[in-house]
file model_37.txt (compact mmCIF, C-alpha atoms)
# COMPACT_ATOMS: atom_id res chain seq x y z
CA ASN A 1471 -134.19 -146.62 15.40
CA ARG A 1472 -131.06 -145.43 17.19
CA GLY A 1473 -128.93 -147.95 15.34
CA ARG A 1474 -130.53 -146.90 12.08
CA TYR A 1475 -129.73 -143.23 12.57
CA GLU A 1476 -126.19 -144.02 13.76
CA THR A 1477 -125.65 -146.03 10.58
CA MET A 1478 -127.10 -143.22 8.51
CA SER A 1479 -124.81 -140.71 10.25
CA ARG A 1480 -121.71 -142.83 9.57
CA ARG A 1481 -122.56 -143.29 5.92
CA GLY A 1482 -123.61 -139.70 5.43
CA PHE A 1483 -127.16 -138.52 4.95
CA ALA A 1484 -126.98 -138.28 1.16
CA ALA A 1485 -125.66 -141.86 0.90
CA SER A 1486 -128.25 -143.35 3.27
CA SER A 1487 -131.48 -144.93 2.04
CA VAL A 1488 -133.53 -142.14 3.66
CA GLY A 1489 -131.31 -139.43 2.19
CA THR A 1490 -131.39 -141.09 -1.23
CA LYS A 1491 -135.20 -141.16 -1.25
CA ILE A 1492 -135.38 -137.51 -0.20
CA LEU A 1493 -132.88 -136.44 -2.88
CA ILE A 1494 -134.80 -138.39 -5.51
CA ALA A 1495 -138.00 -136.69 -4.35
CA LEU A 1496 -136.54 -133.17 -4.33
CA THR A 1497 -134.80 -133.50 -7.69
CA GLY A 1498 -137.92 -135.10 -9.15
CA LEU A 1499 -140.11 -132.22 -7.99
CA ALA A 1500 -137.57 -129.72 -9.37
CA LEU A 1501 -137.75 -131.47 -12.75
CA LEU A 1502 -141.55 -131.45 -12.50
CA LEU A 1503 -141.50 -127.68 -12.03
CA TYR A 1504 -139.25 -127.38 -15.07
CA LEU A 1505 -141.66 -129.47 -17.16
CA ILE A 1506 -144.54 -127.15 -16.23
CA VAL A 1507 -142.55 -124.06 -17.26
CA HIS A 1508 -141.23 -125.79 -20.37
CA LEU A 1509 -144.72 -126.79 -21.50
CA ALA A 1510 -146.02 -123.26 -20.96
CA GLY A 1511 -143.28 -121.92 -23.24
CA ASN A 1512 -143.70 -124.63 -25.87
CA LEU A 1513 -147.43 -124.01 -26.15
CA LEU A 1514 -146.61 -120.55 -27.51
CA VAL A 1515 -146.06 -122.32 -30.83
CA LEU A 1516 -149.84 -122.15 -31.15
CA ALA A 1517 -149.57 -118.35 -31.30
CA GLY A 1518 -147.54 -118.48 -34.52
CA PRO A 1519 -143.90 -118.12 -35.60
CA GLU A 1520 -143.36 -114.51 -34.54
CA VAL A 1521 -144.47 -115.04 -30.94
CA PHE A 1522 -142.77 -118.43 -30.58
CA ASN A 1523 -139.46 -117.34 -32.12
CA ASP A 1524 -139.41 -114.16 -30.04
CA TYR A 1525 -139.93 -116.23 -26.88
CA ALA A 1526 -137.17 -118.67 -27.88
CA HIS A 1527 -134.78 -115.81 -28.71
CA ARG A 1528 -135.39 -114.05 -25.38
CA LEU A 1529 -134.82 -117.34 -23.60
CA VAL A 1530 -131.50 -118.29 -25.21
CA SER A 1531 -130.15 -114.71 -25.14
CA ASN A 1532 -130.74 -114.40 -21.39
CA PRO A 1533 -127.32 -114.37 -19.66
CA LEU A 1534 -128.70 -116.66 -16.95
CA ILE A 1535 -129.63 -119.42 -19.39
CA VAL A 1536 -126.22 -121.16 -19.30
CA PRO A 1537 -125.96 -121.42 -15.49
CA LEU A 1538 -129.62 -122.46 -15.38
CA GLU A 1539 -129.00 -125.19 -17.95
CA ILE A 1540 -125.96 -126.40 -16.01
CA GLY A 1541 -128.01 -126.46 -12.81
CA LEU A 1542 -130.84 -128.31 -14.55
CA LEU A 1543 -128.38 -130.86 -15.95
CA ALA A 1544 -126.88 -131.37 -12.48
CA VAL A 1545 -130.35 -131.97 -11.00
CA PHE A 1546 -131.23 -134.34 -13.82
CA LEU A 1547 -128.01 -136.36 -13.46
CA LEU A 1548 -128.35 -136.50 -9.66
CA HIS A 1549 -131.91 -137.76 -10.03
CA ILE A 1550 -130.76 -140.48 -12.44
CA TYR A 1551 -127.76 -141.49 -10.32
CA LYS A 1552 -129.68 -141.70 -7.04
CA THR A 1553 -132.55 -143.59 -8.63
CA ALA A 1554 -130.18 -146.09 -10.25
CA ARG A 1555 -128.23 -146.44 -6.99
CA MET A 1556 -131.41 -147.15 -5.02
CA TRP A 1557 -132.61 -149.67 -7.63
CA ILE A 1558 -129.27 -151.51 -7.54
CA ASP A 1559 -129.23 -151.55 -3.72
CA ASN A 1560 -132.78 -152.88 -3.62
CA ARG A 1561 -131.92 -155.62 -6.11
CA ARG A 1562 -128.93 -156.66 -4.04
CA ALA A 1563 -130.99 -156.72 -0.86
CA ARG A 1564 -133.68 -158.82 -2.57
CA PRO A 1565 -131.95 -160.96 -5.19
CA VAL A 1566 -134.97 -163.20 -5.65
CA ALA A 1567 -138.03 -161.31 -6.89
CA TYR A 1568 -141.30 -161.81 -5.11
CA GLN A 1569 -143.70 -164.13 -6.89
CA VAL A 1570 -147.33 -163.15 -6.68
CA LYS A 1571 -149.67 -166.13 -6.49
CA ALA A 1572 -153.12 -165.22 -7.65
CA TRP A 1573 -154.63 -168.34 -6.08
CA ALA A 1574 -153.40 -167.20 -2.65
CA GLY A 1575 -155.68 -164.17 -2.81
CA HIS A 1576 -152.74 -161.78 -2.70
CA THR A 1577 -153.51 -158.22 -3.81
CA SER A 1578 -150.54 -156.20 -5.03
CA ARG A 1579 -150.49 -152.41 -4.69
CA LYS A 1580 -148.17 -152.14 -7.66
CA THR A 1581 -149.36 -150.38 -10.78
CA VAL A 1582 -148.04 -150.33 -14.32
CA ALA A 1583 -146.48 -146.94 -13.58
CA SER A 1584 -144.69 -148.06 -10.41
CA SER A 1585 -143.52 -151.34 -11.94
CA THR A 1586 -141.96 -149.68 -14.98
CA MET A 1587 -140.24 -146.68 -13.39
CA ILE A 1588 -136.73 -147.81 -14.35
CA VAL A 1589 -137.80 -148.77 -17.88
CA SER A 1590 -139.68 -145.52 -18.44
CA GLY A 1591 -136.80 -143.58 -16.87
CA VAL A 1592 -134.23 -145.07 -19.26
CA ALA A 1593 -136.54 -144.45 -22.24
CA ILE A 1594 -137.10 -140.84 -21.13
CA LEU A 1595 -133.34 -140.31 -20.79
CA ALA A 1596 -132.83 -141.50 -24.38
CA PHE A 1597 -135.68 -139.24 -25.53
CA VAL A 1598 -134.25 -136.19 -23.74
CA ILE A 1599 -130.86 -136.69 -25.42
CA LEU A 1600 -132.58 -136.92 -28.82
CA HIS A 1601 -134.83 -133.94 -28.10
CA VAL A 1602 -131.95 -131.69 -27.02
CA ARG A 1603 -129.94 -132.74 -30.05
CA GLN A 1604 -132.83 -131.94 -32.40
CA PHE A 1605 -133.93 -128.59 -31.00
CA ARG A 1606 -131.11 -127.13 -28.89
CA PHE A 1607 -128.32 -128.14 -31.25
CA GLY A 1608 -130.29 -128.88 -34.40
CA THR A 1609 -130.51 -127.02 -37.71
CA VAL A 1610 -130.40 -123.25 -37.32
CA TYR A 1611 -132.74 -121.39 -39.69
CA GLU A 1612 -132.42 -117.63 -39.65
CA GLY A 1613 -135.66 -115.72 -39.33
CA PRO A 1614 -136.49 -112.01 -39.63
CA GLY A 1615 -134.07 -109.78 -37.73
CA GLY A 1616 -131.46 -112.52 -37.43
CA VAL A 1617 -133.56 -114.43 -34.88
CA ARG A 1618 -133.37 -118.22 -35.07
CA ASP A 1619 -136.48 -119.63 -36.75
CA LEU A 1620 -137.16 -122.42 -34.27
CA TYR A 1621 -140.78 -122.49 -35.39
CA ARG A 1622 -139.71 -123.62 -38.86
CA LEU A 1623 -137.55 -126.40 -37.39
CA GLU A 1624 -140.41 -127.62 -35.20
CA VAL A 1625 -142.82 -127.69 -38.13
CA GLU A 1626 -140.22 -129.45 -40.28
CA ILE A 1627 -139.70 -132.21 -37.71
CA PHE A 1628 -143.36 -132.68 -36.81
CA GLN A 1629 -144.48 -132.90 -40.42
CA GLN A 1630 -142.89 -136.36 -40.39
CA PRO A 1631 -145.25 -139.01 -38.98
CA GLU A 1632 -142.46 -141.14 -37.51
CA TRP A 1633 -141.30 -138.27 -35.32
CA VAL A 1634 -144.84 -137.47 -34.27
CA ALA A 1635 -145.39 -141.10 -33.27
CA LEU A 1636 -142.10 -141.20 -31.33
CA TYR A 1637 -142.84 -137.99 -29.44
CA VAL A 1638 -146.39 -139.01 -28.55
CA ALA A 1639 -145.21 -142.46 -27.37
CA SER A 1640 -142.48 -140.79 -25.30
CA MET A 1641 -145.04 -138.51 -23.68
CA VAL A 1642 -147.10 -141.55 -22.67
CA LEU A 1643 -144.00 -142.83 -20.86
CA VAL A 1644 -143.48 -139.41 -19.27
CA GLY A 1645 -147.07 -139.50 -18.02
CA LEU A 1646 -146.59 -142.98 -16.54
CA HIS A 1647 -143.35 -141.92 -14.89
CA LEU A 1648 -144.92 -138.81 -13.39
CA ARG A 1649 -148.06 -140.67 -12.31
CA HIS A 1650 -146.06 -142.70 -9.80
CA GLY A 1651 -143.19 -140.28 -9.28
CA ILE A 1652 -145.23 -137.34 -7.99
CA ALA A 1653 -147.05 -139.38 -5.35
CA SER A 1654 -143.84 -141.21 -4.39
CA ALA A 1655 -141.96 -137.91 -3.99
CA PHE A 1656 -144.47 -136.50 -1.51
CA GLN A 1657 -144.56 -139.81 0.32
CA SER A 1658 -140.75 -139.78 0.66
CA LEU A 1659 -140.94 -136.25 2.07
CA GLY A 1660 -143.53 -137.38 4.61
CA VAL A 1661 -146.23 -134.99 3.42
CA GLY A 1662 -149.66 -135.53 4.98
CA GLY A 1663 -151.61 -138.46 6.30
CA SER A 1664 -153.76 -140.98 4.47
CA GLN A 1665 -156.41 -138.48 3.38
CA THR A 1666 -153.81 -136.00 2.16
CA ALA A 1667 -151.96 -138.83 0.45
CA ARG A 1668 -155.10 -139.74 -1.48
CA ARG A 1669 -155.51 -136.14 -2.59
CA LEU A 1670 -151.87 -135.92 -3.62
CA LEU A 1671 -152.25 -139.16 -5.57
CA ALA A 1672 -155.30 -137.79 -7.40
CA GLY A 1673 -153.62 -134.43 -8.00
CA GLY A 1674 -150.45 -136.12 -9.20
CA LEU A 1675 -152.44 -138.25 -11.61
CA ALA A 1676 -154.25 -135.19 -12.99
CA LEU A 1677 -150.99 -133.25 -13.37
CA ALA A 1678 -149.26 -136.22 -15.04
CA ILE A 1679 -152.09 -136.53 -17.55
CA ALA A 1680 -152.16 -132.77 -18.20
CA LEU A 1681 -148.40 -132.56 -18.82
CA ALA A 1682 -148.25 -135.67 -21.00
CA ALA A 1683 -151.29 -134.58 -23.00
CA GLY A 1684 -149.99 -131.02 -23.33
CA PHE A 1685 -146.62 -132.09 -24.70
CA ALA A 1686 -148.19 -134.74 -26.97
CA PHE A 1687 -150.68 -132.20 -28.33
CA ILE A 1688 -147.95 -130.02 -29.87
CA PRO A 1689 -146.60 -132.51 -32.47
CA LEU A 1690 -150.14 -133.67 -33.21
CA TRP A 1691 -151.29 -130.08 -33.77
CA VAL A 1692 -148.33 -129.32 -36.03
CA TYR A 1693 -148.89 -132.49 -38.07
CA PHE A 1694 -152.64 -132.23 -38.50
CA ALA A 1695 -153.30 -128.49 -38.35
CA ARG A 1696 -150.30 -127.04 -40.16
call {"tool": "encode", "arguments": {"input": "model_37.txt", "output": "structure tokens"}}
result
Amino acid sequence: NRGRYETMSRRGFAASSVGTKILIALTGLALLLYLIVHLAGNLLVLAGPEVFNDYAHRLVSNPLIVPLEIGLLAVFLLHIYKTARMWIDNRRARPVAYQVKAWAGHTSRKTVASSTMIVSGVAILAFVILHVRQFRFGTVYEGPGGVRDLYRLEVEIFQQPEWVALYVASMVLVGLHLRHGIASAFQSLGVGGSQTARRLLAGGLALAIALAAGFAFIPLWVYFAR
């Protein structure tokens, strides 16, 4: 253990494997908090154009929005970089993948969510770029009082079945990513024992499903109910 901590000290905490896992956990939880707030705001679309556009206008006209967006981008990029760095280091340390032999009676603890974290992460990154381009920097329709009519843009996009399908599929990937990521984050932070870990796993699963379903519901509602 002493040698391990001496090595970690020489390399720097943030560059060590322990530090990397903790940074991934903290940035992941910060992004999770953002998703919760973001979903709460997006669900206001159900209240109609006036309420939704007023919320969007208050949000973008807040002087703190730019520094908050820069901070969010920094957290997002750090999460991506550290996750990619850890994946590369793990691949180098284990160049030959383990082969599971069913006949040997081996039981793997891996799940679909844990086995596809990198794949789902890359897909989510591509989706986020598209999503920001469509809504943050997309077509600007002017509503009453000079307020941007973001409601109209959302309805316009989600009246197209291909976009609805893409968004729903992307939310399935988000749910899978969160399903493993939430539990992994608390594990990296050393939260609780086995009983607490089981509760966190169950809570993380419920939250992942709720967020994915909530975000997927919006394009489906616009397409079928509008």
call {"tool": "closest_residue", "arguments": {"input": "model_37.txt", "among": "A:Gly1591, A:Ser1658, A:Glu1626, A:Trp1557", "to": "Gly1608 of chain A", "atoms": "only C-alpha atoms"}}
result
A:Glu1626
call {"tool": "atom_distance", "arguments": {"input": "model_37.txt", "atom1": "atom CA of Glu1632 of chain A", "atom2": "atom CA of Leu1690 of chain A"}}
result
11.5 Å
call {"tool": "closest_residue", "arguments": {"input": "model_37.txt", "among": "A:Gln1665, A:Ser1487, A:Tyr1693, A:Val1530", "to": "Ile1558 of chain A", "atoms": "only C-alpha atoms"}}
result
A:Ser1487
call {"tool": "residues_around", "arguments": {"input": "model_37.txt", "residues": "segment 1507-1514 of chain A", "least_positions_apart": "3", "cutoff": "9 Å", "atoms": "all atoms listed in the file", "output": "number ranges by chain"}}
result
A: 1502-1504, 1517-1519, 1521-1522, 1525-1526, 1681, 1684-1685, 1688
call {"tool": "closest_residue", "arguments": {"input": "model_37.txt", "among": "A:Ala1495, A:Arg1562, A:Leu1516, A:Gln1604", "to": "His1650 of chain A", "atoms": "all atoms listed in the file"}}
result
A:Ala1495
call {"tool": "closest_residue", "arguments": {"input": "model_37.txt", "among": "A:Leu1548, A:Leu1529, A:Val1638, A:Leu1499", "to": "Val1617 of chain A", "atoms": "only C-alpha atoms"}}
result
A:Leu1529
call {"tool": "atom_distance", "arguments": {"input": "model_37.txt", "atom1": "atom CA of Ala1676 of chain A", "atom2": "atom CA of Gln1657 of chain A"}}
result
17.1 Å
call {"tool": "decode", "arguments": {"input": "model_37.txt", "residues": "segment 1588-1624 of chain A", "atoms": "N, CA, C and O atoms", "output": "short mmCIF file (atom, residue, chain, number, x, y, z; two decimals), in the first residue's frame"}}
result
data_model
loop_
_atom_site.label_atom_id
_atom_site.label_comp_id
_atom_site.auth_asym_id
_atom_site.auth_seq_id
_atom_site.Cartn_x
_atom_site.Cartn_y
_atom_site.Cartn_z
N ILE A 1588 -18.31 2.50 -22.98
CA ILE A 1588 -17.57 3.29 -23.95
C ILE A 1588 -18.42 3.53 -25.20
O ILE A 1588 -18.50 4.65 -25.72
N VAL A 1589 -19.07 2.48 -25.68
CA VAL A 1589 -19.91 2.59 -26.88
C VAL A 1589 -21.06 3.57 -26.63
O VAL A 1589 -21.32 4.47 -27.45
N SER A 1590 -21.76 3.40 -25.51
CA SER A 1590 -22.87 4.30 -25.20
C SER A 1590 -22.36 5.71 -24.97
O SER A 1590 -23.02 6.69 -25.35
N GLY A 1591 -21.17 5.84 -24.36
CA GLY A 1591 -20.61 7.16 -24.12
C GLY A 1591 -20.31 7.91 -25.41
O GLY A 1591 -20.61 9.10 -25.54
N VAL A 1592 -19.71 7.22 -26.38
CA VAL A 1592 -19.41 7.83 -27.68
C VAL A 1592 -20.70 8.22 -28.40
O VAL A 1592 -20.80 9.31 -28.99
N ALA A 1593 -21.70 7.34 -28.34
CA ALA A 1593 -22.98 7.63 -28.99
C ALA A 1593 -23.66 8.83 -28.33
O ALA A 1593 -24.24 9.68 -29.02
N ILE A 1594 -23.59 8.91 -27.01
CA ILE A 1594 -24.19 10.03 -26.29
C ILE A 1594 -23.48 11.33 -26.64
O ILE A 1594 -24.12 12.38 -26.79
N LEU A 1595 -22.15 11.29 -26.77
CA LEU A 1595 -21.39 12.47 -27.16
C LEU A 1595 -21.87 12.99 -28.52
O LEU A 1595 -22.10 14.20 -28.69
N ALA A 1596 -22.02 12.09 -29.47
CA ALA A 1596 -22.50 12.47 -30.80
C ALA A 1596 -23.90 13.06 -30.71
O ALA A 1596 -24.22 14.07 -31.38
N PHE A 1597 -24.74 12.46 -29.87
CA PHE A 1597 -26.12 12.95 -29.71
C PHE A 1597 -26.14 14.35 -29.09
O PHE A 1597 -26.91 15.22 -29.52
N VAL A 1598 -25.29 14.57 -28.08
CA VAL A 1598 -25.24 15.88 -27.41
C VAL A 1598 -24.85 16.97 -28.40
O VAL A 1598 -25.44 18.07 -28.40
N ILE A 1599 -23.85 16.68 -29.24
CA ILE A 1599 -23.43 17.66 -30.25
C ILE A 1599 -24.60 18.00 -31.18
O ILE A 1599 -24.86 19.17 -31.49
N LEU A 1600 -25.31 16.97 -31.63
CA LEU A 1600 -26.47 17.18 -32.51
C LEU A 1600 -27.56 17.95 -31.79
O LEU A 1600 -28.15 18.90 -32.35
N HIS A 1601 -27.83 17.58 -30.55
CA HIS A 1601 -28.90 18.21 -29.77
C HIS A 1601 -28.62 19.70 -29.54
O HIS A 1601 -29.52 20.54 -29.71
N VAL A 1602 -27.40 20.03 -29.18
CA VAL A 1602 -27.02 21.42 -28.96
C VAL A 1602 -27.13 22.21 -30.26
O VAL A 1602 -27.60 23.35 -30.28
N ARG A 1603 -26.69 21.59 -31.34
CA ARG A 1603 -26.76 22.26 -32.64
C ARG A 1603 -28.21 22.54 -33.04
O ARG A 1603 -28.53 23.60 -33.59
N GLN A 1604 -29.10 21.60 -32.76
CA GLN A 1604 -30.50 21.76 -33.15
C GLN A 1604 -31.24 22.80 -32.32
O GLN A 1604 -32.00 23.61 -32.86
N PHE A 1605 -31.03 22.76 -31.00
CA PHE A 1605 -31.85 23.60 -30.12
C PHE A 1605 -31.14 24.86 -29.62
O PHE A 1605 -31.75 25.91 -29.55
N ARG A 1606 -29.86 24.76 -29.28
CA ARG A 1606 -29.16 25.95 -28.78
C ARG A 1606 -28.80 26.88 -29.91
O ARG A 1606 -28.86 28.11 -29.78
N PHE A 1607 -28.39 26.30 -31.05
CA PHE A 1607 -27.96 27.12 -32.18
C PHE A 1607 -28.79 26.87 -33.43
O PHE A 1607 -28.37 27.16 -34.54
N GLY A 1608 -29.98 26.33 -33.23
CA GLY A 1608 -30.85 26.03 -34.36
C GLY A 1608 -31.65 27.24 -34.82
O GLY A 1608 -31.38 28.38 -34.44
N THR A 1609 -32.67 26.98 -35.62
CA THR A 1609 -33.52 28.04 -36.17
C THR A 1609 -34.15 28.87 -35.05
O THR A 1609 -34.64 28.32 -34.06
N VAL A 1610 -34.10 30.17 -35.22
CA VAL A 1610 -34.67 31.08 -34.23
C VAL A 1610 -35.99 31.64 -34.76
O VAL A 1610 -36.00 32.44 -35.71
N TYR A 1611 -37.11 31.20 -34.16
CA TYR A 1611 -38.41 31.76 -34.49
C TYR A 1611 -38.76 32.78 -33.42
O TYR A 1611 -38.58 32.53 -32.22
N GLU A 1612 -39.25 33.92 -33.86
CA GLU A 1612 -39.59 34.98 -32.91
C GLU A 1612 -41.06 34.84 -32.49
O GLU A 1612 -41.95 34.78 -33.32
N GLY A 1613 -41.25 34.77 -31.16
CA GLY A 1613 -42.58 34.67 -30.62
C GLY A 1613 -43.09 36.02 -30.14
O GLY A 1613 -42.45 37.05 -30.38
N PRO A 1614 -44.23 36.03 -29.45
CA PRO A 1614 -44.78 37.28 -28.92
C PRO A 1614 -43.79 37.98 -27.99
O PRO A 1614 -43.12 37.33 -27.17
N GLY A 1615 -43.68 39.30 -28.13
CA GLY A 1615 -42.79 40.07 -27.27
C GLY A 1615 -41.33 39.92 -27.61
O GLY A 1615 -40.46 40.30 -26.82
N GLY A 1616 -41.03 39.37 -28.79
CA GLY A 1616 -39.63 39.23 -29.19
C GLY A 1616 -38.92 38.05 -28.55
O GLY A 1616 -37.71 37.89 -28.72
N VAL A 1617 -39.67 37.20 -27.82
CA VAL A 1617 -39.09 36.03 -27.17
C VAL A 1617 -38.92 34.92 -28.20
O VAL A 1617 -39.79 34.72 -29.07
N ARG A 1618 -37.82 34.20 -28.13
CA ARG A 1618 -37.60 33.10 -29.07
C ARG A 1618 -38.67 32.02 -28.88
O ARG A 1618 -38.93 31.60 -27.75
N ASP A 1619 -39.26 31.59 -29.98
CA ASP A 1619 -40.30 30.56 -29.93
C ASP A 1619 -39.64 29.18 -30.03
O ASP A 1619 -39.66 28.53 -31.07
N LEU A 1620 -39.06 28.75 -28.92
CA LEU A 1620 -38.40 27.45 -28.88
C LEU A 1620 -39.41 26.32 -28.94
O LEU A 1620 -39.11 25.23 -29.43
N TYR A 1621 -40.61 26.58 -28.46
CA TYR A 1621 -41.69 25.60 -28.50
C TYR A 1621 -41.98 25.21 -29.95
O TYR A 1621 -42.13 24.02 -30.27
N ARG A 1622 -42.06 26.20 -30.82
CA ARG A 1622 -42.33 25.93 -32.24
C ARG A 1622 -41.23 25.07 -32.85
O ARG A 1622 -41.51 24.14 -33.60
N LEU A 1623 -39.97 25.37 -32.52
CA LEU A 1623 -38.86 24.59 -33.05
C LEU A 1623 -38.93 23.15 -32.57
O LEU A 1623 -38.70 22.22 -33.35
N GLU A 1624 -39.26 22.97 -31.30
CA GLU A 1624 -39.34 21.61 -30.75
C GLU A 1624 -40.46 20.82 -31.44
O GLU A 1624 -40.27 19.64 -31.78
#
